[in-house]
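Asks: Quick one: the structure is below, and I'll ask about it shortly.
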2 protein chains.
Amino acid sequence: MTSPAADDAYLRLRHLIYSGKLMPNERLVEADLAQRLEVSRAIVRTALVRLGQDGVVILTPHRGARVRVVTDAEAVEILQARAVLEALAARSATRRATAREIAGIRKILAGMSRKIDEGDLLGYSEGNAALHAAIIAAARHETAARLITGLRAQLVRFQFRTILVPGRASHSLAEHTAIVEAIAGRDEEAAEKAMRHHLGHVEAALSHTNRRIIGES
Amino acid sequence: MTSPAADDAYLRLRHLIYSGKLMPNERLVEADLAQRLEVSRAIVRTALVRLGQDGVVILTPHRGARVRVVTDAEAVEILQARAVLEALAARSATRRATAREIAGIRKILAGMSRKIDEGDLLGYSEGNAALHAAIIAAARHETAARLITGLRAQLVRFQFRTILVPGRASHSLAEHTAIVEAIAGRDEEAAEKAMRHHLGHVEAALSHTNRRIIGES
DNA sequence: GTACACAAGATTGTGAGCAATCCGTTTCCG
DNA sequence: CGGAAACGGATTGCTCACAATCTTGTGTAC
């Protein structure tokens with residue numbers, strides 16, 4: 001099941017949605033996608049079923065698939081779920097990270113600090129993503145990793161940078177530093193708390209400003 | 001997409017796995033399932049794809065589907081994830097539950113207490129499931145609810161009753177009471193903590209005894 | 001006796017076609 | 001002129017058939 005070709009189509013279609021090439025609420029016509037991806041309609045179909053199960057697209061009988069629109073309220077929910085799961089991952093990383101992994105995480109954090117000094121907010125943003133990814137990798141917690149990936153996917157349309165909110169950058173760096181120090185210090189409680197604190201701030205930014213500035217931090 | 005018939009087949013197939021009629025690691029041959037469910041092979045196929053995405057079955061190219069076996073370590077992971085998500089739901093319920101819902105939750109708890117007095121552990125177990133369901137419903141947190149459902153599904157093979165562990169029943173009741181009181185008292189922190197405390201005990205039972213007594217509490 | 005090669009059977013993956021359903025438009029009737 | 005019914009194009013859901021792949025069993029060489 002799920003031949004390489006089918007898997008590839010699934011990943012590419014998902015990427016089209018993540019990258020915004022297929023907009024929210026856009027109708028996804030199987031035949032069109034088949035032509036675009038250069039695969040048969042059957043393969044597109046199973047890819048859509050999988051994406052539907054992921055919650056990335058909405059499937060309606062006889063009316064096909066649409067890219068799911070995430071309301072502000074849903075975005076808050078998703079972010080909350082992501083926060084508790086990433087906090088769990090941070091805790092797990094605190095227990096399981098190797099010295100090498102911790103060194104890598106520290107290095108990423110240092111890079112982020114440099115980016116801020118340089119005023120390179122986009123670069124900082126990339127460092128942010130890398131840091132979270134490194135922590136999740138160090139956690140070796142498959143279940144949490146899988147769920148977080150799915151949740152991120154749904155928030156993709158909100159990928160406007162909170163980092164652009166005035167003053168957010170330095171706060172963000174401080175929060176990340178606290179997370180890293182807790183992990184390096186093998187303090188589970190602190191690591192979990194720091195991660196929740198961090199993502200809580202992102203949520204607050206969303207709840208407060210009803211503008212679309214979530215997904216990152 | 002997903003016609004009623006296809007949806008039905010998906011649910012029935014899932015139920016066959018949950019209820020243990022299809023054992024872990026058992027090979028799922030499309031043609032056989034089609035005959036058993038009295039639907040076409042194509043419908044079985046999409047149902048399997050969906051279950052694969054849920055993590056309930058494992059799909060291997062050209063080798064078909066198997067019911068996924070969850071190792072003890074994975075069970076712990078799943079339970080941990082479930083714990084933080086149910087804690088989030090408890091917190092949400094604390095904020096959003098109506099007076100009517102709280103009354104209903106209290107009623108379920110009272111019923112559980114009665115079952116214990118009667119020595120009806122199976123009945124207690126059902127009450128337990130109902131209580132958790134009621135809290136999740138009151139939380140009105142779609143995202144958490146969806147993820148928890150998926151996680152429960154994967155733990156289904158571990159559905160042996162922790163409640164059968166000597167002395168667990170009264171502890172369990174006390175833990176549930178704490179959760180309910182926190183929700184009724186509108187104390188978010190306490191509700192979240194109580195739920196994590198409760199599910200933490202279930203995890204401890206698993207980690208300690210390597211026997212299969214998780215999934216409930 | 002063991003191991004490898006090969007053939008036969010079983011099962012999955014995919015493509016083409018058709019029926020069912022939905023949506024937008026036109027037509028008919030009041 | 002307004003509304004309901006019917007028509008037509010478009011799209012999905014499903015069946016069927018076949019190719020691709022894996023598995024099992026058999027035969028042969030060493």
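So you can find residues: chains in the structure tokens are A, B, ... in the order shown, residues in each start at 1, and ligands are numbered from 1 in order.
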Residues within 12 Å of region 13-28 of chain C, please, as a ChimeraX atom specification. Count only C-alpha atoms (C1' of nucleotides); anything in the same chain fewer than 4 positions from it doesn't count.
Replies: /A:1-6,39-46,60-64 /B:1,3,42,45,60-64 /D:3-21
Asks: Output C-alpha atoms (C1' of nucleotides) of each residue in that selection to a file, as a short mmCIF file (atom, residue, chain, number, x, y, z; two decimals), in the first residue's frame.
Replies:
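The result, written out as part-v4.cif:
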data_model
loop_
_atom_site.label_atom_id
_atom_site.label_comp_id
_atom_site.auth_asym_id
_atom_site.auth_seq_id
_atom_site.Cartn_x
_atom_site.Cartn_y
_atom_site.Cartn_z
CA MET A 1 0.00 0.00 0.00
CA THR A 2 1.03 3.57 -0.65
CA SER A 3 3.53 3.05 -3.40
CA PRO A 4 6.40 5.53 -3.71
CA ALA A 5 4.54 7.36 -6.47
CA ALA A 6 1.43 7.69 -4.34
CA VAL A 39 -0.27 11.23 -11.84
CA SER A 40 -3.53 9.38 -12.28
CA ARG A 41 -6.74 10.50 -10.68
CA ALA A 42 -6.76 7.43 -8.43
CA ILE A 43 -3.51 8.51 -6.84
CA VAL A 44 -4.81 12.04 -6.32
CA ARG A 45 -7.86 10.54 -4.73
CA THR A 46 -6.00 8.58 -2.09
CA THR A 60 -17.81 16.56 1.19
CA PRO A 61 -19.68 13.74 -0.54
CA HIS A 62 -20.08 14.38 -4.24
CA ARG A 63 -18.72 17.87 -3.82
CA GLY A 64 -15.07 17.05 -3.57
CA MET B 1 -15.93 12.28 -1.20
CA SER B 3 -19.93 8.57 0.71
CA ALA B 42 -12.24 0.04 -3.43
CA ARG B 45 -9.05 0.31 0.32
CA THR B 60 3.45 -1.55 3.41
CA PRO B 61 3.75 -1.24 -0.39
CA HIS B 62 2.56 -4.37 -2.15
CA ARG B 63 2.29 -6.17 1.13
CA GLY B 64 -0.95 -4.75 2.33
"C1'" DG D 3 -40.87 30.81 -9.14
"C1'" DA D 4 -40.55 25.99 -9.87
"C1'" DA D 5 -39.25 22.20 -12.66
"C1'" DA D 6 -36.32 20.21 -15.92
"C1'" DC D 7 -32.18 19.97 -18.59
"C1'" DG D 8 -26.97 19.78 -19.44
"C1'" DG D 9 -22.29 20.12 -18.17
"C1'" DA D 10 -19.08 19.06 -14.76
"C1'" DT D 11 -17.32 16.24 -11.15
"C1'" DT D 12 -17.23 12.62 -8.03
"C1'" DG D 13 -17.84 7.58 -6.49
"C1'" DC D 14 -17.33 3.15 -7.81
"C1'" DT D 15 -16.73 -1.22 -10.73
"C1'" DC D 16 -13.95 -3.86 -13.38
"C1'" DA D 17 -9.98 -5.43 -15.39
"C1'" DC D 18 -5.10 -5.82 -15.72
"C1'" DA D 19 -0.28 -4.99 -14.66
"C1'" DA D 20 3.21 -5.00 -10.98
"C1'" DT D 21 4.87 -7.09 -7.05
#
Asks: For chain B against chain A, which residues fall within 10 Å using only C-alpha atoms, given as a PyMOL selection string?
Replies: chain B and resi 1-4+45-55+58-65+73-89+92+140-144+146-147+151
Asks: Select, from B:Asp8, B:Glu30, B:Glu175, B:Glu203, the residue with the minimum atom-to-atom distance to chain C, counting only C-alpha atoms (C1' of nucleotides).
Replies: B:Glu30
